[in-house]
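Colleague: data-v9.pdb is reproduced in full below (PDB, C-alpha atoms).
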MODEL        1
ATOM      1  CA  MET C  25       0.000   0.000   0.000  1.00  0.00           C
ATOM      2  CA  LYS C  26       2.815   2.377   0.924  1.00  0.00           C
ATOM      3  CA  ARG C  27       4.546   1.606  -2.376  1.00  0.00           C
ATOM      4  CA  PHE C  28       1.317   2.344  -4.250  1.00  0.00           C
ATOM      5  CA  ILE C  29       0.895   5.686  -2.467  1.00  0.00           C
ATOM      6  CA  LEU C  30       4.553   6.568  -3.040  1.00  0.00           C
ATOM      7  CA  SER C  31       4.277   5.653  -6.736  1.00  0.00           C
ATOM      8  CA  SER C  32       1.106   7.764  -7.079  1.00  0.00           C
ATOM      9  CA  VAL C  33       2.793  10.776  -5.465  1.00  0.00           C
ATOM     10  CA  ILE C  34       5.808  10.447  -7.770  1.00  0.00           C
ATOM     11  CA  ALA C  35       3.562  10.085 -10.837  1.00  0.00           C
ATOM     12  CA  LEU C  36       1.444  13.080  -9.832  1.00  0.00           C
ATOM     13  CA  SER C  37       4.550  15.158  -9.170  1.00  0.00           C
ATOM     14  CA  ALA C  38       5.995  14.230 -12.553  1.00  0.00           C
ATOM     15  CA  SER C  39       2.672  15.053 -14.219  1.00  0.00           C
ATOM     16  CA  ASN C  40       2.513  18.487 -12.572  1.00  0.00           C
ATOM     17  CA  THR C  41       6.113  19.177 -13.522  1.00  0.00           C
ATOM     18  CA  MET C  42       5.370  18.221 -17.141  1.00  0.00           C
ATOM     19  CA  ALA C  43       2.298  20.455 -17.183  1.00  0.00           C
ATOM     20  CA  MET C  44       4.324  23.371 -15.839  1.00  0.00           C
ATOM     21  CA  GLU C  45       7.101  22.774 -18.367  1.00  0.00           C
ATOM     22  CA  ASN C  46       4.580  22.717 -21.223  1.00  0.00           C
ATOM     23  CA  SER C  47       2.609  25.799 -20.208  1.00  0.00           C
ATOM     24  CA  PHE C  48       4.035  27.860 -23.073  1.00  0.00           C
ATOM     25  CA  TYR C  49       3.942  27.113 -26.789  1.00  0.00           C
ATOM     26  CA  LEU C  50       5.190  28.615 -30.029  1.00  0.00           C
ATOM     27  CA  LYS C  51       3.281  28.038 -33.249  1.00  0.00           C
ATOM     28  CA  SER C  52       3.935  28.908 -36.861  1.00  0.00           C
ATOM     29  CA  SER C  53       1.422  28.300 -39.646  1.00  0.00           C
ATOM     30  CA  TYR C  54       1.335  28.635 -43.400  1.00  0.00           C
ATOM     31  CA  GLY C  55      -1.577  28.376 -45.804  1.00  0.00           C
ATOM     32  CA  LYS C  56      -3.963  29.883 -48.331  1.00  0.00           C
ATOM     33  CA  VAL C  57      -5.776  33.207 -47.975  1.00  0.00           C
ATOM     34  CA  ASP C  58      -9.311  33.982 -49.141  1.00  0.00           C
ATOM     35  CA  THR C  59      -9.500  37.768 -49.612  1.00  0.00           C
ATOM     36  CA  ASP C  60     -13.335  37.744 -49.419  1.00  0.00           C
ATOM     37  CA  ILE C  61     -13.449  39.718 -52.683  1.00  0.00           C
ATOM     38  CA  SER C  62     -15.647  37.967 -55.233  1.00  0.00           C
ATOM     39  CA  SER C  63     -14.720  37.631 -58.914  1.00  0.00           C
ATOM     40  CA  GLN C  64     -17.441  40.128 -59.820  1.00  0.00           C
ATOM     41  CA  GLU C  65     -16.190  42.687 -57.282  1.00  0.00           C
ATOM     42  CA  ALA C  66     -12.617  42.212 -58.490  1.00  0.00           C
ATOM     43  CA  GLN C  67     -13.760  42.656 -62.099  1.00  0.00           C
ATOM     44  CA  GLU C  68     -15.477  45.925 -61.189  1.00  0.00           C
ATOM     45  CA  LEU C  69     -12.515  47.208 -59.159  1.00  0.00           C
ATOM     46  CA  PHE C  70      -9.531  45.966 -61.160  1.00  0.00           C
ATOM     47  CA  GLY C  71     -10.874  44.785 -64.506  1.00  0.00           C
ATOM     48  CA  THR C  72      -9.731  41.225 -63.813  1.00  0.00           C
ATOM     49  CA  LYS C  73      -9.748  38.633 -61.038  1.00  0.00           C
ATOM     50  CA  LEU C  74      -7.401  38.652 -58.049  1.00  0.00           C
ATOM     51  CA  SER C  75      -4.770  35.993 -57.412  1.00  0.00           C
ATOM     52  CA  ASP C  76      -5.067  33.759 -54.345  1.00  0.00           C
ATOM     53  CA  PRO C  77      -2.192  34.698 -52.024  1.00  0.00           C
ATOM     54  CA  ASN C  78      -0.403  32.616 -49.422  1.00  0.00           C
ATOM     55  CA  GLY C  79      -0.293  33.748 -45.797  1.00  0.00           C
ATOM     56  CA  TRP C  80       1.474  32.860 -42.583  1.00  0.00           C
ATOM     57  CA  SER C  81       1.201  33.511 -38.861  1.00  0.00           C
ATOM     58  CA  PHE C  82       3.284  33.277 -35.704  1.00  0.00           C
ATOM     59  CA  THR C  83       1.780  32.743 -32.245  1.00  0.00           C
ATOM     60  CA  LEU C  84       3.015  32.651 -28.648  1.00  0.00           C
ATOM     61  CA  GLY C  85       0.616  31.072 -26.164  1.00  0.00           C
ATOM     62  CA  TYR C  86       0.309  30.297 -22.476  1.00  0.00           C
ATOM     63  CA  ARG C  87      -1.899  27.489 -21.152  1.00  0.00           C
ATOM     64  CA  PHE C  88      -3.722  28.047 -17.881  1.00  0.00           C
ATOM     65  CA  ASN C  89      -4.721  24.373 -18.037  1.00  0.00           C
ATOM     66  CA  ASN C  90      -5.349  21.671 -20.632  1.00  0.00           C
ATOM     67  CA  PHE C  91      -8.486  23.416 -21.893  1.00  0.00           C
ATOM     68  CA  LEU C  92      -7.804  27.164 -21.864  1.00  0.00           C
ATOM     69  CA  ALA C  93      -4.949  29.258 -23.204  1.00  0.00           C
ATOM     70  CA  ILE C  94      -4.211  32.892 -23.979  1.00  0.00           C
ATOM     71  CA  GLU C  95      -2.514  33.712 -27.289  1.00  0.00           C
ATOM     72  CA  GLY C  96      -0.795  36.644 -28.929  1.00  0.00           C
ATOM     73  CA  GLY C  97       0.480  36.676 -32.481  1.00  0.00           C
ATOM     74  CA  TYR C  98       1.028  38.205 -35.865  1.00  0.00           C
ATOM     75  CA  ALA C  99      -0.416  37.204 -39.241  1.00  0.00           C
ATOM     76  CA  ASP C 100       0.577  38.260 -42.739  1.00  0.00           C
ATOM     77  CA  LEU C 101      -2.266  37.669 -45.197  1.00  0.00           C
ATOM     78  CA  GLY C 102      -0.045  37.918 -48.248  1.00  0.00           C
ATOM     79  CA  GLU C 103      -0.418  39.967 -51.411  1.00  0.00           C
ATOM     80  CA  ALA C 104      -3.352  39.449 -53.771  1.00  0.00           C
ATOM     81  CA  GLU C 105      -2.555  40.735 -57.254  1.00  0.00           C
ATOM     82  CA  ALA C 106      -4.523  41.707 -60.341  1.00  0.00           C
ATOM     83  CA  LYS C 107      -2.748  42.265 -63.649  1.00  0.00           C
ATOM     84  CA  ASP C 108      -4.045  43.449 -66.997  1.00  0.00           C
ATOM     85  CA  SER C 109      -2.620  44.784 -70.248  1.00  0.00           C
ATOM     86  CA  GLN C 110      -4.013  45.698 -73.633  1.00  0.00           C
ATOM     87  CA  SER C 111      -2.760  47.218 -76.852  1.00  0.00           C
ATOM     88  CA  GLY C 112      -4.260  47.923 -80.254  1.00  0.00           C
ATOM     89  CA  PHE C 113      -5.575  50.636 -82.539  1.00  0.00           C
ATOM     90  CA  MET C 114      -8.841  52.175 -83.666  1.00  0.00           C
ATOM     91  CA  PRO C 115      -9.614  54.427 -86.641  1.00  0.00           C
ATOM     92  CA  TYR C 116     -10.112  58.081 -85.806  1.00  0.00           C
ATOM     93  CA  ASN C 117     -11.151  59.143 -89.309  1.00  0.00           C
ATOM     94  CA  ASP C 118     -10.298  58.166 -92.878  1.00  0.00           C
ATOM     95  CA  TYR C 119      -6.646  59.150 -92.509  1.00  0.00           C
ATOM     96  CA  GLU C 120      -5.896  59.096 -88.803  1.00  0.00           C
ATOM     97  CA  THR C 121      -5.560  56.156 -86.389  1.00  0.00           C
ATOM     98  CA  VAL C 122      -5.205  56.054 -82.627  1.00  0.00           C
ATOM     99  CA  TYR C 123      -2.703  53.512 -81.288  1.00  0.00           C
ATOM    100  CA  TYR C 124      -2.880  52.664 -77.590  1.00  0.00           C
ATOM    101  CA  ASP C 125      -1.048  50.500 -75.083  1.00  0.00           C
ATOM    102  CA  TYR C 126      -1.602  50.151 -71.357  1.00  0.00           C
ATOM    103  CA  SER C 127      -0.608  47.794 -68.564  1.00  0.00           C
ATOM    104  CA  TYR C 128      -1.117  47.866 -64.817  1.00  0.00           C
ATOM    105  CA  LYS C 129      -0.733  45.797 -61.681  1.00  0.00           C
ATOM    106  CA  SER C 130      -2.823  46.140 -58.515  1.00  0.00           C
ATOM    107  CA  LYS C 131      -1.801  44.665 -55.188  1.00  0.00           C
ATOM    108  CA  ILE C 132      -3.760  44.253 -51.948  1.00  0.00           C
ATOM    109  CA  SER C 133      -1.899  43.274 -48.770  1.00  0.00           C
ATOM    110  CA  ALA C 134      -2.878  42.992 -45.100  1.00  0.00           C
ATOM    111  CA  GLN C 135      -1.209  42.272 -41.769  1.00  0.00           C
ATOM    112  CA  THR C 136      -2.655  41.945 -38.288  1.00  0.00           C
ATOM    113  CA  LYS C 137      -1.603  41.646 -34.644  1.00  0.00           C
ATOM    114  CA  MET C 138      -3.805  39.429 -32.461  1.00  0.00           C
ATOM    115  CA  LEU C 139      -4.580  38.810 -28.793  1.00  0.00           C
ATOM    116  CA  GLY C 140      -7.173  36.253 -27.750  1.00  0.00           C
ATOM    117  CA  VAL C 141      -8.018  32.934 -26.136  1.00  0.00           C
ATOM    118  CA  PHE C 142      -8.040  29.313 -27.293  1.00  0.00           C
ATOM    119  CA  LEU C 143     -10.701  27.033 -25.769  1.00  0.00           C
ATOM    120  CA  SER C 144     -10.189  23.360 -26.565  1.00  0.00           C
ATOM    121  CA  THR C 145     -10.640  19.754 -25.610  1.00  0.00           C
ATOM    122  CA  ASP C 146      -7.846  18.208 -23.516  1.00  0.00           C
ATOM    123  CA  THR C 147      -4.579  19.247 -25.194  1.00  0.00           C
ATOM    124  CA  ASN C 148      -2.731  16.451 -23.343  1.00  0.00           C
ATOM    125  CA  LYS C 149      -4.631  13.893 -25.418  1.00  0.00           C
ATOM    126  CA  PRO C 150      -3.216  12.639 -28.749  1.00  0.00           C
ATOM    127  CA  PHE C 151      -5.958  14.499 -30.648  1.00  0.00           C
ATOM    128  CA  TYR C 152      -7.638  17.765 -29.731  1.00  0.00           C
ATOM    129  CA  ALA C 153      -9.935  20.385 -31.259  1.00  0.00           C
ATOM    130  CA  GLY C 154     -10.859  23.890 -30.227  1.00  0.00           C
ATOM    131  CA  LEU C 155     -12.118  27.382 -30.917  1.00  0.00           C
ATOM    132  CA  ARG C 156     -10.140  30.606 -30.815  1.00  0.00           C
ATOM    133  CA  ALA C 157     -11.346  34.197 -30.703  1.00  0.00           C
ATOM    134  CA  GLY C 158      -9.942  37.574 -29.834  1.00  0.00           C
ATOM    135  CA  TYR C 159      -9.207  41.125 -30.802  1.00  0.00           C
ATOM    136  CA  GLN C 160      -6.922  42.249 -33.601  1.00  0.00           C
ATOM    137  CA  SER C 161      -5.254  45.413 -34.845  1.00  0.00           C
ATOM    138  CA  TRP C 162      -4.953  45.259 -38.644  1.00  0.00           C
ATOM    139  CA  ASP C 163      -3.441  47.257 -41.452  1.00  0.00           C
ATOM    140  CA  ALA C 164      -4.315  46.914 -45.156  1.00  0.00           C
ATOM    141  CA  GLU C 165      -2.839  48.570 -48.215  1.00  0.00           C
ATOM    142  CA  ILE C 166      -3.738  48.781 -51.887  1.00  0.00           C
ATOM    143  CA  GLU C 167      -1.183  49.747 -54.527  1.00  0.00           C
ATOM    144  CA  LEU C 168      -1.588  50.355 -58.252  1.00  0.00           C
ATOM    145  CA  THR C 169       1.235  50.819 -60.738  1.00  0.00           C
ATOM    146  CA  GLY C 170       1.074  50.950 -64.508  1.00  0.00           C
ATOM    147  CA  LYS C 171       1.821  52.686 -67.761  1.00  0.00           C
ATOM    148  CA  VAL C 172      -0.431  54.249 -70.407  1.00  0.00           C
ATOM    149  CA  SER C 173       0.619  55.382 -73.865  1.00  0.00           C
ATOM    150  CA  GLU C 174      -1.386  56.722 -76.791  1.00  0.00           C
ATOM    151  CA  SER C 175      -0.538  58.194 -80.175  1.00  0.00           C
ATOM    152  CA  LEU C 176      -2.428  59.652 -83.141  1.00  0.00           C
ATOM    153  CA  VAL C 177      -0.928  58.802 -86.523  1.00  0.00           C
ATOM    154  CA  TRP C 178      -1.814  60.244 -89.939  1.00  0.00           C
ATOM    155  CA  SER C 179      -1.353  58.064 -93.015  1.00  0.00           C
ATOM    156  CA  ASN C 180      -2.100  58.621 -96.699  1.00  0.00           C
ATOM    157  CA  GLY C 181      -2.742  54.911 -97.072  1.00  0.00           C
ATOM    158  CA  TYR C 182       0.466  54.290 -99.021  1.00  0.00           C
ATOM    159  CA  ASP C 183       3.977  55.073 -97.830  1.00  0.00           C
ATOM    160  CA  GLN C 184       3.607  58.290 -95.802  1.00  0.00           C
ATOM    161  CA  THR C 185       2.874  58.374 -92.045  1.00  0.00           C
ATOM    162  CA  VAL C 186       3.128  61.230 -89.571  1.00  0.00           C
ATOM    163  CA  GLU C 187       2.736  61.051 -85.790  1.00  0.00           C
ATOM    164  CA  LEU C 188       0.451  63.950 -84.920  1.00  0.00           C
ATOM    165  CA  TYR C 189       0.132  63.370 -81.205  1.00  0.00           C
ATOM    166  CA  SER C 190       1.800  61.227 -78.557  1.00  0.00           C
ATOM    167  CA  TYR C 191       1.037  60.762 -74.867  1.00  0.00           C
ATOM    168  CA  GLN C 192       2.594  58.583 -72.178  1.00  0.00           C
ATOM    169  CA  GLU C 193       2.064  58.448 -68.405  1.00  0.00           C
ATOM    170  CA  ASP C 194       3.260  56.271 -65.538  1.00  0.00           C
ATOM    171  CA  LEU C 195       0.533  55.426 -63.031  1.00  0.00           C
ATOM    172  CA  SER C 196       1.120  55.148 -59.299  1.00  0.00           C
ATOM    173  CA  TYR C 197      -1.468  55.072 -56.514  1.00  0.00           C
ATOM    174  CA  SER C 198      -1.567  53.735 -52.974  1.00  0.00           C
ATOM    175  CA  ASP C 199      -4.013  53.833 -50.081  1.00  0.00           C
ATOM    176  CA  ASP C 200      -3.542  52.574 -46.533  1.00  0.00           C
ATOM    177  CA  THR C 201      -6.303  51.741 -44.041  1.00  0.00           C
ATOM    178  CA  ASP C 202      -6.242  50.264 -40.551  1.00  0.00           C
ATOM    179  CA  GLY C 203      -8.572  49.379 -37.720  1.00  0.00           C
ATOM    180  CA  SER C 204      -9.399  47.070 -34.833  1.00  0.00           C
ATOM    181  CA  ASP C 205     -11.876  44.204 -35.083  1.00  0.00           C
ATOM    182  CA  LEU C 206     -12.585  40.656 -33.965  1.00  0.00           C
ATOM    183  CA  TYR C 207     -11.016  37.466 -35.255  1.00  0.00           C
ATOM    184  CA  TYR C 208     -12.179  33.885 -34.678  1.00  0.00           C
ATOM    185  CA  GLY C 209     -11.538  30.385 -35.944  1.00  0.00           C
ATOM    186  CA  VAL C 210     -11.337  26.646 -35.421  1.00  0.00           C
ATOM    187  CA  SER C 211      -8.438  24.256 -34.996  1.00  0.00           C
ATOM    188  CA  ALA C 212      -7.880  20.488 -34.860  1.00  0.00           C
ATOM    189  CA  GLY C 213      -4.520  19.010 -33.928  1.00  0.00           C
ATOM    190  CA  TRP C 214      -2.407  15.944 -33.258  1.00  0.00           C
ATOM    191  CA  ASN C 215       0.214  15.747 -30.477  1.00  0.00           C
ATOM    192  CA  TYR C 216       3.546  13.946 -30.621  1.00  0.00           C
ATOM    193  CA  ASN C 217       5.882  14.448 -27.644  1.00  0.00           C
ATOM    194  CA  ASN C 218       6.376  18.225 -27.353  1.00  0.00           C
ATOM    195  CA  TRP C 219       5.197  18.888 -30.910  1.00  0.00           C
ATOM    196  CA  SER C 220       1.727  19.417 -32.366  1.00  0.00           C
ATOM    197  CA  LEU C 221       0.498  19.483 -35.944  1.00  0.00           C
ATOM    198  CA  SER C 222      -2.801  21.247 -36.593  1.00  0.00           C
ATOM    199  CA  LEU C 223      -5.247  22.239 -39.308  1.00  0.00           C
ATOM    200  CA  GLU C 224      -6.694  25.726 -38.778  1.00  0.00           C
ATOM    201  CA  HIS C 225      -9.172  28.153 -40.284  1.00  0.00           C
ATOM    202  CA  THR C 226      -9.230  31.733 -39.001  1.00  0.00           C
ATOM    203  CA  ILE C 227     -11.462  34.627 -40.092  1.00  0.00           C
ATOM    204  CA  PHE C 228     -10.332  38.238 -39.685  1.00  0.00           C
ATOM    205  CA  GLU C 229     -12.964  40.963 -39.722  1.00  0.00           C
ATOM    206  CA  MET C 230     -11.664  44.086 -41.477  1.00  0.00           C
ATOM    207  CA  ASP C 231     -14.440  46.641 -41.908  1.00  0.00           C
ATOM    208  CA  GLU C 232     -16.728  45.225 -44.614  1.00  0.00           C
ATOM    209  CA  GLN C 233     -14.347  42.438 -45.662  1.00  0.00           C
ATOM    210  CA  LYS C 234     -13.703  39.149 -43.853  1.00  0.00           C
ATOM    211  CA  PRO C 235     -10.498  37.618 -45.225  1.00  0.00           C
ATOM    212  CA  SER C 236      -9.615  34.168 -43.909  1.00  0.00           C
ATOM    213  CA  LEU C 237      -6.515  32.002 -43.572  1.00  0.00           C
ATOM    214  CA  SER C 238      -6.733  28.212 -43.968  1.00  0.00           C
ATOM    215  CA  SER C 239      -3.413  26.832 -42.780  1.00  0.00           C
ATOM    216  CA  LEU C 240      -1.273  24.008 -41.469  1.00  0.00           C
ATOM    217  CA  GLY C 241       0.292  24.818 -38.096  1.00  0.00           C
ATOM    218  CA  LEU C 242       3.335  23.423 -36.308  1.00  0.00           C
ATOM    219  CA  THR C 243       3.524  23.975 -32.534  1.00  0.00           C
ATOM    220  CA  TYR C 244       6.344  23.441 -30.067  1.00  0.00           C
ATOM    221  CA  ASN C 245       5.229  23.077 -26.424  1.00  0.00           C
ATOM    222  CA  PHE C 246       7.698  24.029 -23.702  1.00  0.00           C
TER     223      PHE C 246
ENDMDL
END
Step by step, read the file and then write its structure as structure tokens.

Modeller:
Amino acid sequence: MKRFILSSVIALSASNTMAMENSFYLKSSYGKVDTDISSQEAQELFGTKLSDPNGWSFTLGYRFNNFLAIEGGYADLGEAEAKDSQSGFMPYNDYETVYYDYSYKSKISAQTKMLGVFLSTDTNKPFYAGLRAGYQSWDAEIELTGKVSESLVWSNGYDQTVELYSYQEDLSYSDDTDGSDLYYGVSAGWNYNNWSLSLEHTIFEMDEQKPSLSSLGLTYNF
């Protein structure tokens, strides 16, 4: 009986020590971003669809117990791009023709800093799942660069041409917005020793848009 009690005390002590040692964790994740801008909206704004960017995040967490943790982190939601170019000509009258050429590239990027909680099933089990939510401070930027050229050419229809008018301009525009909103998401993971591998989906509210990051996360518990 004494041996059983002594063994239980040692096991409990070791368990508490392990729990204390694994109170903190570092997590990095990488995945695909949904900008929450539909193809129709992108067509209206940029004249073409946006690319699907990759994003990543970094998180430091502290576990109060096996079911509740507080987290702080940073997420980069990548750069979604839209590109378009066109060149050609159109008759101006019987002798004059307008030649045109334009190209541009638009880029939308966003970053955010987060602080929130993670509520889960027992994270000491081989498999766990949970919900996270919190407050974020985000910053988003849109940039547009391009070039436009146009010329008016007179021709007699045979071997004589004269450039009557020529115009060229480099385009450059940027706009920066920021704010503070909620973020929330779900996570399911698998533990192996001090490491965890997880699948995650997090939504970031940014004014009228709700971009999301679907990612694979790797966590080190210490």

Colleague: Kindly indicate which residue among C:Val210, C:Leu223, C:Met230, C:Leu155 lies nearest to Leu143 (chain C), using all atoms listed in the file for the distances.

Modeller: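 Closest to Leu143 (chain C), using all atoms listed in the file: C:Leu155.
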
Colleague: Here's the selection I'm unsure about, the PyMOL selection byres ((chain C and resi 239) around 10); applied to the file above, which residues does it give, as a ChimeraX atom specification?

Modeller: /C:52-57,78-81,211,222-226,236-238,240-242

Colleague: Using the chain letters and numbers from this file, what does the PyMOL selection byres ((chain C and resi 94) around 10) select? Give the answer as an mmCIF file with C-alpha atoms, in the coordinates of the input.

Modeller:
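Wrote it out as expr_35.cif, contents follow:
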data_model
loop_
_atom_site.group_PDB
_atom_site.id
_atom_site.type_symbol
_atom_site.label_atom_id
_atom_site.label_comp_id
_atom_site.auth_asym_id
_atom_site.auth_seq_id
_atom_site.Cartn_x
_atom_site.Cartn_y
_atom_site.Cartn_z
ATOM 1 C CA PHE C 48 4.035 27.860 -23.073
ATOM 2 C CA LEU C 84 3.015 32.651 -28.648
ATOM 3 C CA GLY C 85 0.616 31.072 -26.164
ATOM 4 C CA TYR C 86 0.309 30.297 -22.476
ATOM 5 C CA ARG C 87 -1.899 27.489 -21.152
ATOM 6 C CA PHE C 88 -3.722 28.047 -17.881
ATOM 7 C CA LEU C 92 -7.804 27.164 -21.864
ATOM 8 C CA ALA C 93 -4.949 29.258 -23.204
ATOM 9 C CA GLU C 95 -2.514 33.712 -27.289
ATOM 10 C CA GLY C 96 -0.795 36.644 -28.929
ATOM 11 C CA LEU C 139 -4.580 38.810 -28.793
ATOM 12 C CA GLY C 140 -7.173 36.253 -27.750
ATOM 13 C CA VAL C 141 -8.018 32.934 -26.136
ATOM 14 C CA PHE C 142 -8.040 29.313 -27.293
ATOM 15 C CA LEU C 143 -10.701 27.033 -25.769
ATOM 16 C CA ARG C 156 -10.140 30.606 -30.815
ATOM 17 C CA ALA C 157 -11.346 34.197 -30.703
ATOM 18 C CA GLY C 158 -9.942 37.574 -29.834
#

Colleague: Which residues, written as a list in words, have at least one atom at most 12 Å from Asn46 (chain C), with all atoms listed in the file counted and residues fewer than 4 positions away on the same chain left out?

Modeller: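 The contact residues come out as Ser39, Asn40, Thr41, Met42, Leu50, Gly85, Tyr86, Arg87, Phe88, Asn89, Asn90, Ala93, Thr147, Asn148, Asn217, Asn218, Trp219, Ser220, Thr243, Tyr244, Asn245 and Phe246 of chain C.
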
Colleague: Counting all atoms listed in the file, note down every residue that has an atom within 9 Å of the point (-3.9, 50.9, -57.6) (file coordinates), as number ranges by chain.

Modeller: C: 70, 128-132, 166-170, 195-199

Colleague: Kindly provide, as lines of an AutoDock Vina configuration file, the centre and edge lengths (Å, one decimal) of an axis-aligned box around all atoms of region 185-190 of chain C given in the file, with 3 Å on each side.

Modeller:
center_x = 1.6
center_y = 61.2
center_z = -85.3
size_x = 9.0
size_y = 11.6
size_z = 19.5

Colleague: CA of Gly209 (chain C) and CA of Tyr49 (chain C) are how many Å apart?

Modeller: 18.3 Å

Colleague: How many Å lie between CA of Thr59 (chain C) and CA of Ala104 (chain C), rounded to one decimal?

Modeller: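 Interatomic distance here is 7.6 Å.
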
Colleague: Name all residues at most 10 Å from region 118-126 of chain C (count only C-alpha atoms; drop same-chain ones fewer than 4 positions away) and give them as a list in words.

Modeller: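 Returned residues: Asp108, Ser109, Gln110, Ser111, Gly112, Phe113, Met114, Gly170, Lys171, Val172, Ser173, Glu174, Ser175, Leu176, Val177, Trp178, Ser179, Asn180, Gly181, Thr185, Val186, Glu187, Leu188, Tyr189, Ser190, Tyr191, Gln192, Glu193 and Asp194 of chain C.
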
Colleague: For C-alpha atoms, I'd like the residues from the last selection saved as an mmCIF file, in the frame of the given file.

Modeller:
data_model
loop_
_atom_site.group_PDB
_atom_site.id
_atom_site.type_symbol
_atom_site.label_atom_id
_atom_site.label_comp_id
_atom_site.auth_asym_id
_atom_site.auth_seq_id
_atom_site.Cartn_x
_atom_site.Cartn_y
_atom_site.Cartn_z
ATOM 1 C CA ASP C 108 -4.045 43.449 -66.997
ATOM 2 C CA SER C 109 -2.620 44.784 -70.248
ATOM 3 C CA GLN C 110 -4.013 45.698 -73.633
ATOM 4 C CA SER C 111 -2.760 47.218 -76.852
ATOM 5 C CA GLY C 112 -4.260 47.923 -80.254
ATOM 6 C CA PHE C 113 -5.575 50.636 -82.539
ATOM 7 C CA MET C 114 -8.841 52.175 -83.666
ATOM 8 C CA GLY C 170 1.074 50.950 -64.508
ATOM 9 C CA LYS C 171 1.821 52.686 -67.761
ATOM 10 C CA VAL C 172 -0.431 54.249 -70.407
ATOM 11 C CA SER C 173 0.619 55.382 -73.865
ATOM 12 C CA GLU C 174 -1.386 56.722 -76.791
ATOM 13 C CA SER C 175 -0.538 58.194 -80.175
ATOM 14 C CA LEU C 176 -2.428 59.652 -83.141
ATOM 15 C CA VAL C 177 -0.928 58.802 -86.523
ATOM 16 C CA TRP C 178 -1.814 60.244 -89.939
ATOM 17 C CA SER C 179 -1.353 58.064 -93.015
ATOM 18 C CA ASN C 180 -2.100 58.621 -96.699
ATOM 19 C CA GLY C 181 -2.742 54.911 -97.072
ATOM 20 C CA THR C 185 2.874 58.374 -92.045
ATOM 21 C CA VAL C 186 3.128 61.230 -89.571
ATOM 22 C CA GLU C 187 2.736 61.051 -85.790
ATOM 23 C CA LEU C 188 0.451 63.950 -84.920
ATOM 24 C CA TYR C 189 0.132 63.370 -81.205
ATOM 25 C CA SER C 190 1.800 61.227 -78.557
ATOM 26 C CA TYR C 191 1.037 60.762 -74.867
ATOM 27 C CA GLN C 192 2.594 58.583 -72.178
ATOM 28 C CA GLU C 193 2.064 58.448 -68.405
ATOM 29 C CA ASP C 194 3.260 56.271 -65.538
#

Colleague: Would you compute the distance between CA of Lys107 (chain C) and CA of Leu69 (chain C)? Give it in Å to one decimal.

Modeller: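 Pair CA of Lys107 (chain C) / CA of Leu69 (chain C) returns 11.8 Å.
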
Colleague: Which one is closest to Pro235 (chain C): C:Thr201, C:Ser161, C:Gln64, C:Ser133? Count all atoms listed in the file.

Modeller: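 Using all atoms listed in the file, the shortest distance to Pro235 (chain C) belongs to C:Ser133.
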
Colleague: Please identify all polymer residues within 6 Å of Ser144 (chain C), counting all atoms listed in the file, omitting same-chain residues fewer than 6 positions from it, and present them as a PyMOL selection string.

Modeller: chain C and resi 91+153-154

Colleague: Restricting the calculation to only C-alpha atoms, which member of C:Gln160, C:Tyr208, C:Leu221, C:Pro150 is positioned closest to Lys51 (chain C)?

Modeller: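 Ranked by minimum distance to Lys51 (chain C), first place goes to C:Leu221.
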
Colleague: For a quick check of understanding, using all atoms listed in the file, which of C:Asp163, C:Gly97, C:Lys149, C:Gln233 has the smallest distance to Tyr216 (chain C)?

Modeller: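 Counting all atoms listed in the file, the residue closest to Tyr216 (chain C) is C:Lys149.
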